Amino acid sequence: MHVQSLGRKIFVFSNYTFLILLSLLCLFPLIQVLAISFSSSPAASAGLVKFWPVDFTMASYKYILGKREFIQSFGITMQRIAIGYTINMLISLLCAYPLAKERQDFRLRTVYAWFFIFTILFSGGLIPVYLIVTNTGLLDSIWALVLPGAVPVFNVILLLNFFRGLPREIEESAFMDGAGHWTVLWRMFVPMSMPVLATITLFTLVGHWNSWFDGLIYMNFPDRYPLSTYLQLMVINSNPMKMDPTNLSGIIQISERTTRAAQIFLGALPILLVYPFLQRFFVKGIVLGSVKG
Amino acid sequence: MNKKAKTKRELPLHFMLLPGALLLIVYSYIPMTGVVIAFQKFVPINGLFGSKWIGLDNFRYVLQMPDIWQVLWNTIFIASMKIIVGQIVPIAIALLLNEMRNALIKRGVQTLIYLPHFLSWVILGAILVDILSPSQGIVNQVLGAIGLEPVYFLGSNSWFPGVLIASEVWKEFGFSTIVYLAAITGINPALYEAAIVDGASHTRQVWHITLPGMVPIIILLATLSLGNVLNAGFDQVFNLYSPSVYQSGDILDTLIYRIGLVDAQFGVATAIGFFKSCVSLVLISISYYLAYRLANYRIF
């Protein structure tokens with residue numbers, strides 16, 4: 001085992017080199033953006049910045065964090081996360097519990113299950129959903145960002161499969177002692193499901209933070225935009241490098257490269273912050289969601 | 001237990017499902033009935049069933065649009081390439097990662113490669129626009145340093161689909177790699193021990209044990225991805241494209257958006273959306289069926 005051929009040694013060496021380079025490839029673009037955001041504007045537009053700031057300055061961050069629109073849209077994102085996360089989690093738990101029951105315990109289980117599954121198989125499409133959101137009076141309100149996606153069917157499936165894996169005896173003995181469904185759900189299933197709930201929490205938080213399209217179509221005024229939509233407007237639509245003449249209308253100012261970089265980095269920052277903490281959980285969650293038997 | 005007691009016992013379960021079911025009715029099932037707009041000259045004021053019925057006129061109009069076949073082809077081409085490359089790369093990387101013995105470096109690599117998955121296409125799109133810029137972007141600076149002409153990656157029809165496919169794979173490969181790596185970890189170590197006793201070389205072990213051990217999960221992910229043949233990635237395309245690359249980069253979803261919400265031709269846009277939903281329904285059903293038959297997969 002310990003005698004390695006020369007060929008093997010060469011392979012091991014190049015394998016390490018390749019994979020380390022590959023993982024750096026996933027990190028370098030972010031590092032470059034970070035470097036640009038801390039550089040002076042002339043240095044950045046002359047293309048002098050590589051992976052380290054040139055003429056270090058915090059000016060871009062001072063400018064952005066002092067902008068009313070940025071803070072405002074950040075507030076709206078926080079609002080949607082607070083409301084959206086609560087609703088998503090409550091609904092996931094409330095739906096997954098009955099759907100995890102066996103047929104003999106809940107006769108309509110299969111009917112309900114198909115009722116939920118069908119919504120991921122077929123959709124009315126962009127326009128009908130848009131018209132319903134308009135007709136239910138949600139336009140320009142925070143609820144437009146929360147209610148259309150209030151039932152996360154994939155998370156419900158993930159959770160119900162986890163519930164089904166829990167030992168049935170626990171539940172049965174609780175029923176013997178006179179506990180009802182609500183007690184079993186809150187007092188037994190929820191505490192036992194912490195790893196999968198952490199996974200779903202991460203997916204939900206990241207999902208709400210990243211959502212930008214709903215803000216774009218359901219909000220008529222940019223001051224109602226959540227942060228991701230605001231960023232889309234600032235770093236994509238107002239980007240002269242993209243040279244889209246239809247979007248370069250007078251109201252949108254062409255922004256500086258450094259300012260854009262700072263906004264990109266601030267948009268990615270919360271994800272970078274929660275990433276290491278919940279890693280342990282979501283690796284489990286991904287595998288659980290994809291390769292269950 | 002008699003029937004009445006059973007119904008009473010089940011009552012809380014119905015209550016639990018009530019909020020979710022109501023929300024699905026309002027925001028999924030009612031919009032499904034909204035596909036009738038595809039057969040109307042839809043005027044929002046007249047409501048869903050008050051507008052003039054025009055049969056298949058919207059569909060005829062779509063078929064006569066000059067770009068529609070190009071857009072359909074772009075959609076299928078970009079989506080299929082993403083599926084194929086997006087399957088092969090993670091398999092290869094998972095095999096290579098499995099050869100790493102240093103646990104610390106292995107973990108570090110894993111952590112970094114699935115980082116882009118969690119960033120949105122607004123963030124990644126903005127980063128790509130910056131690093132691929134012909135004048136300031138670092139990629140073109142590198143190309144210039146080795147004596148090549150600058151390439152306008154996001155403005156040229158010959159490069160744009162490639163950029164879409166490569167950047168999608170770059171964003172997502174780490175995520176799938178983890179799934180494959182889990183499959184490799186699940187292979188019985190006794191198989192390797194037996195192979196070593198029989199004198200099998202390392203390469204042969206990978207070929208005859210590791211790869212076959214991954215086959216069920218490869219089949220599963222491949223069949224499930226079949227449902228995505230018309231999903232070329234709206235978020236990505238929308239944030240990267242511009243009119244100069246419509247020819248190679250416009251897809252059904254972006255076309256629906258522009259016709260429906262920018263030009264407010266609700267009927268026409270819904271007709272295209274209806275077509276897409278129907279084809280997707282068939283594809284997803286086939287893929288779930290195949291996954292069930294071939295890999296014994298069940299959704300629930």
# chains A, B, ... in the order shown; residues from 1 in each chain; ligands from 1
$ interface_residues --of "chain B" --to "chain A" --cutoff "6 Å" --atoms "only C-alpha atoms" --output "ChimeraX atom specification"
/B:13,16-17,20,27,31-32,34-35,109,112-113,120,122-123,126,136,179,242,270,273,277,281
$ write_last_selection --atoms "C-alpha atoms" --output "JSON list (two decimals), in the first residue's frame"
[["chain", "number", "residue", "atom", "x", "y", "z"],
["B", 13, "LEU", "CA", -54.85, 17.13, 10.19],
["B", 16, "MET", "CA", -53.16, 21.91, 9.54],
["B", 17, "LEU", "CA", -53.36, 21.62, 5.76],
["B", 20, "GLY", "CA", -51.29, 25.86, 2.75],
["B", 27, "TYR", "CA", -51.60, 31.49, -6.14],
["B", 31, "PRO", "CA", -53.47, 31.06, -12.17],
["B", 32, "MET", "CA", -53.73, 27.65, -13.86],
["B", 34, "GLY", "CA", -55.72, 31.81, -16.13],
["B", 35, "VAL", "CA", -54.28, 29.99, -19.13],
["B", 109, "VAL", "CA", -12.03, 22.49, -1.62],
["B", 112, "LEU", "CA", -15.26, 26.68, -1.78],
["B", 113, "ILE", "CA", -16.72, 24.94, -4.82],
["B", 120, "SER", "CA", -27.97, 34.99, -6.96],
["B", 122, "VAL", "CA", -27.86, 39.37, -9.90],
["B", 123, "ILE", "CA", -24.62, 39.17, -7.94],
["B", 126, "ALA", "CA", -22.76, 41.66, -12.19],
["B", 136, "GLN", "CA", -11.47, 46.68, -18.07],
["B", 179, "VAL", "CA", -24.27, 14.42, -4.01],
["B", 242, "SER", "CA", -28.61, 42.52, -24.21],
["B", 270, "THR", "CA", -49.69, 33.42, -21.98],
["B", 273, "GLY", "CA", -46.20, 30.16, -21.45],
["B", 277, "SER", "CA", -46.02, 24.53, -19.23],
["B", 281, "LEU", "CA", -45.60, 18.75, -17.64]]
$ residues_around --residues "segment 58-62 of chain B" --least-positions-apart "4" --cutoff "9 Å" --atoms "only C-alpha atoms" --output "list in words"
Ala38, Phe39, Gln40, Lys41, Ile54, Pro66, Ile68, Gly267, Val268, Ala269, Thr270, Ala271 and Ile272 of chain B
$ write_last_selection --atoms "N, CA and C atoms" --output "mmCIF file, in the first residue's frame"
data_model
loop_
_atom_site.group_PDB
_atom_site.id
_atom_site.type_symbol
_atom_site.label_atom_id
_atom_site.label_comp_id
_atom_site.auth_asym_id
_atom_site.auth_seq_id
_atom_site.Cartn_x
_atom_site.Cartn_y
_atom_site.Cartn_z
ATOM 1 N N ALA B 38 -54.806 32.659 -22.986
ATOM 2 C CA ALA B 38 -54.123 32.310 -24.236
ATOM 3 C C ALA B 38 -55.098 32.218 -25.401
ATOM 4 N N PHE B 39 -56.376 32.013 -25.101
ATOM 5 C CA PHE B 39 -57.371 31.852 -26.167
ATOM 6 C C PHE B 39 -58.260 33.092 -26.289
ATOM 7 N N GLN B 40 -57.816 34.194 -25.675
ATOM 8 C CA GLN B 40 -58.625 35.408 -25.681
ATOM 9 C C GLN B 40 -57.844 36.597 -26.219
ATOM 10 N N LYS B 41 -58.611 37.609 -26.650
ATOM 11 C CA LYS B 41 -58.003 38.916 -26.839
ATOM 12 C C LYS B 41 -58.189 39.607 -25.498
ATOM 13 N N ILE B 54 -60.882 34.246 -28.993
ATOM 14 C CA ILE B 54 -60.401 34.308 -30.377
ATOM 15 C C ILE B 54 -59.776 32.989 -30.807
ATOM 16 N N PRO B 66 -41.060 36.056 -36.390
ATOM 17 C CA PRO B 66 -39.864 35.636 -37.138
ATOM 18 C C PRO B 66 -38.834 34.893 -36.281
ATOM 19 N N ILE B 68 -39.337 33.035 -33.466
ATOM 20 C CA ILE B 68 -39.801 32.048 -32.488
ATOM 21 C C ILE B 68 -39.028 30.736 -32.560
ATOM 22 N N GLY B 267 -52.217 38.044 -23.890
ATOM 23 C CA GLY B 267 -52.685 36.828 -24.547
ATOM 24 C C GLY B 267 -51.555 36.071 -25.218
ATOM 25 N N VAL B 268 -50.724 36.790 -25.972
ATOM 26 C CA VAL B 268 -49.636 36.152 -26.713
ATOM 27 C C VAL B 268 -48.637 35.527 -25.735
ATOM 28 N N ALA B 269 -48.266 36.297 -24.705
ATOM 29 C CA ALA B 269 -47.290 35.795 -23.742
ATOM 30 C C ALA B 269 -47.819 34.556 -23.026
ATOM 31 N N THR B 270 -49.118 34.586 -22.662
ATOM 32 C CA THR B 270 -49.692 33.424 -21.984
ATOM 33 C C THR B 270 -49.711 32.210 -22.906
ATOM 34 N N ALA B 271 -49.930 32.461 -24.219
ATOM 35 C CA ALA B 271 -49.926 31.345 -25.164
ATOM 36 C C ALA B 271 -48.566 30.645 -25.176
ATOM 37 N N ILE B 272 -47.499 31.434 -25.216
ATOM 38 C CA ILE B 272 -46.158 30.828 -25.195
ATOM 39 C C ILE B 272 -45.941 30.111 -23.859
#
$ atom_distance --atom1 "atom CA of Glu99 of chain B" --atom2 "atom CA of Asp198 of chain B"
20.4 Å
$ residues_around --residues "Ala79 of chain B" --least-positions-apart "5" --cutoff "9 Å" --atoms "only C-alpha atoms" --output "PyMOL selection string"
chain B and resi 74+84+165+228-233
$ write_last_selection --atoms "N, CA and C atoms" --output "PDB file, in the first residue's frame"
ATOM      1  N   ASN B  74     -32.660  28.084 -29.212  1.00  0.00           N
ATOM      2  CA  ASN B  74     -31.746  28.577 -28.166  1.00  0.00           C
ATOM      3  C   ASN B  74     -32.068  27.943 -26.825  1.00  0.00           C
ATOM      4  N   ILE B  84     -26.072  18.402 -19.814  1.00  0.00           N
ATOM      5  CA  ILE B  84     -25.034  17.410 -20.114  1.00  0.00           C
ATOM      6  C   ILE B  84     -23.715  17.770 -19.421  1.00  0.00           C
ATOM      7  N   ILE B 165     -23.425  28.619 -20.629  1.00  0.00           N
ATOM      8  CA  ILE B 165     -23.252  27.227 -20.206  1.00  0.00           C
ATOM      9  C   ILE B 165     -22.116  27.122 -19.194  1.00  0.00           C
ATOM     10  N   ASN B 228     -36.057  19.687 -17.214  1.00  0.00           N
ATOM     11  CA  ASN B 228     -35.565  21.061 -17.350  1.00  0.00           C
ATOM     12  C   ASN B 228     -35.195  21.451 -18.773  1.00  0.00           C
ATOM     13  N   VAL B 229     -35.584  20.618 -19.757  1.00  0.00           N
ATOM     14  CA  VAL B 229     -35.128  20.871 -21.124  1.00  0.00           C
ATOM     15  C   VAL B 229     -35.625  22.223 -21.667  1.00  0.00           C
ATOM     16  N   LEU B 230     -36.727  22.728 -21.124  1.00  0.00           N
ATOM     17  CA  LEU B 230     -37.181  24.055 -21.571  1.00  0.00           C
ATOM     18  C   LEU B 230     -36.817  25.151 -20.571  1.00  0.00           C
ATOM     19  N   ASN B 231     -36.116  24.775 -19.496  1.00  0.00           N
ATOM     20  CA  ASN B 231     -35.685  25.789 -18.530  1.00  0.00           C
ATOM     21  C   ASN B 231     -34.226  26.139 -18.777  1.00  0.00           C
ATOM     22  N   ALA B 232     -34.009  27.158 -19.581  1.00  0.00           N
ATOM     23  CA  ALA B 232     -32.632  27.510 -19.913  1.00  0.00           C
ATOM     24  C   ALA B 232     -32.044  28.470 -18.889  1.00  0.00           C
ATOM     25  N   GLY B 233     -32.831  28.873 -17.891  1.00  0.00           N
ATOM     26  CA  GLY B 233     -32.299  29.742 -16.844  1.00  0.00           C
ATOM     27  C   GLY B 233     -32.641  31.204 -17.030  1.00  0.00           C
TER      28      GLY B 233
END
$ atom_distance --atom1 "atom CA of Pro161 of chain B" --atom2 "atom CA of Ile36 of chain A"
27.4 Å
$ closest_residue --among "B:Leu154, B:Ala166, B:Ile196, B:Leu128" --to "Pro243 of chain B" --atoms "only C-alpha atoms"
B:Leu154
$ select_by_dssp --residues "segment 118-198 of chain B" --states "alpha helix (DSSP H)" --output "JSON, numbers by chain"
{"B": [121, 122, 123, 124, 125, 126, 127, 128, 129, 130, 131, 138, 139, 140, 141, 142, 143, 144, 145, 160, 161, 162, 163, 164, 165, 166, 167, 168, 169, 170, 171, 172, 173, 174, 175, 176, 177, 178, 179, 180, 181, 182, 183, 184, 185, 189, 190, 191, 192, 193, 194, 195, 196, 197]}
$ atom_distance --atom1 "atom CA of Ile219 of chain B" --atom2 "atom CA of Leu294 of chain B"
7.4 Å
$ closest_residue --among "B:Gln110, B:Gln236, B:Asn188, B:Thr223" --to "Phe175 of chain B" --atoms "only C-alpha atoms"
B:Gln110
$ residues_around --residues "Gln79 of chain A" --least-positions-apart "6" --cutoff "12 Å" --atoms "only C-alpha atoms" --output "JSON, numbers by chain"
{"A": [72, 73, 85, 86, 141, 142, 143, 145, 146, 205, 208, 209, 224, 225, 226, 227]}
$ write_last_selection --atoms "C-alpha atoms" --output "mmCIF file, in the first residue's frame"
data_model
loop_
_atom_site.group_PDB
_atom_site.id
_atom_site.type_symbol
_atom_site.label_atom_id
_atom_site.label_comp_id
_atom_site.auth_asym_id
_atom_site.auth_seq_id
_atom_site.Cartn_x
_atom_site.Cartn_y
_atom_site.Cartn_z
ATOM 1 C CA GLN A 72 -34.495 51.601 2.516
ATOM 2 C CA SER A 73 -34.323 48.570 0.230
ATOM 3 C CA TYR A 85 -39.518 33.084 6.781
ATOM 4 C CA THR A 86 -42.140 32.814 9.516
ATOM 5 C CA SER A 141 -47.148 45.795 -0.879
ATOM 6 C CA ILE A 142 -44.727 43.582 1.016
ATOM 7 C CA TRP A 143 -47.219 40.709 0.754
ATOM 8 C CA LEU A 145 -43.101 39.244 -2.097
ATOM 9 C CA VAL A 146 -44.328 36.764 0.501
ATOM 10 C CA LEU A 205 -33.314 32.788 4.171
ATOM 11 C CA HIS A 208 -35.655 35.507 0.265
ATOM 12 C CA TRP A 209 -32.389 37.422 0.313
ATOM 13 C CA ARG A 224 -40.390 49.759 -2.678
ATOM 14 C CA TYR A 225 -37.718 47.455 -4.120
ATOM 15 C CA PRO A 226 -36.097 44.840 -1.900
ATOM 16 C CA LEU A 227 -32.314 44.989 -1.903
#
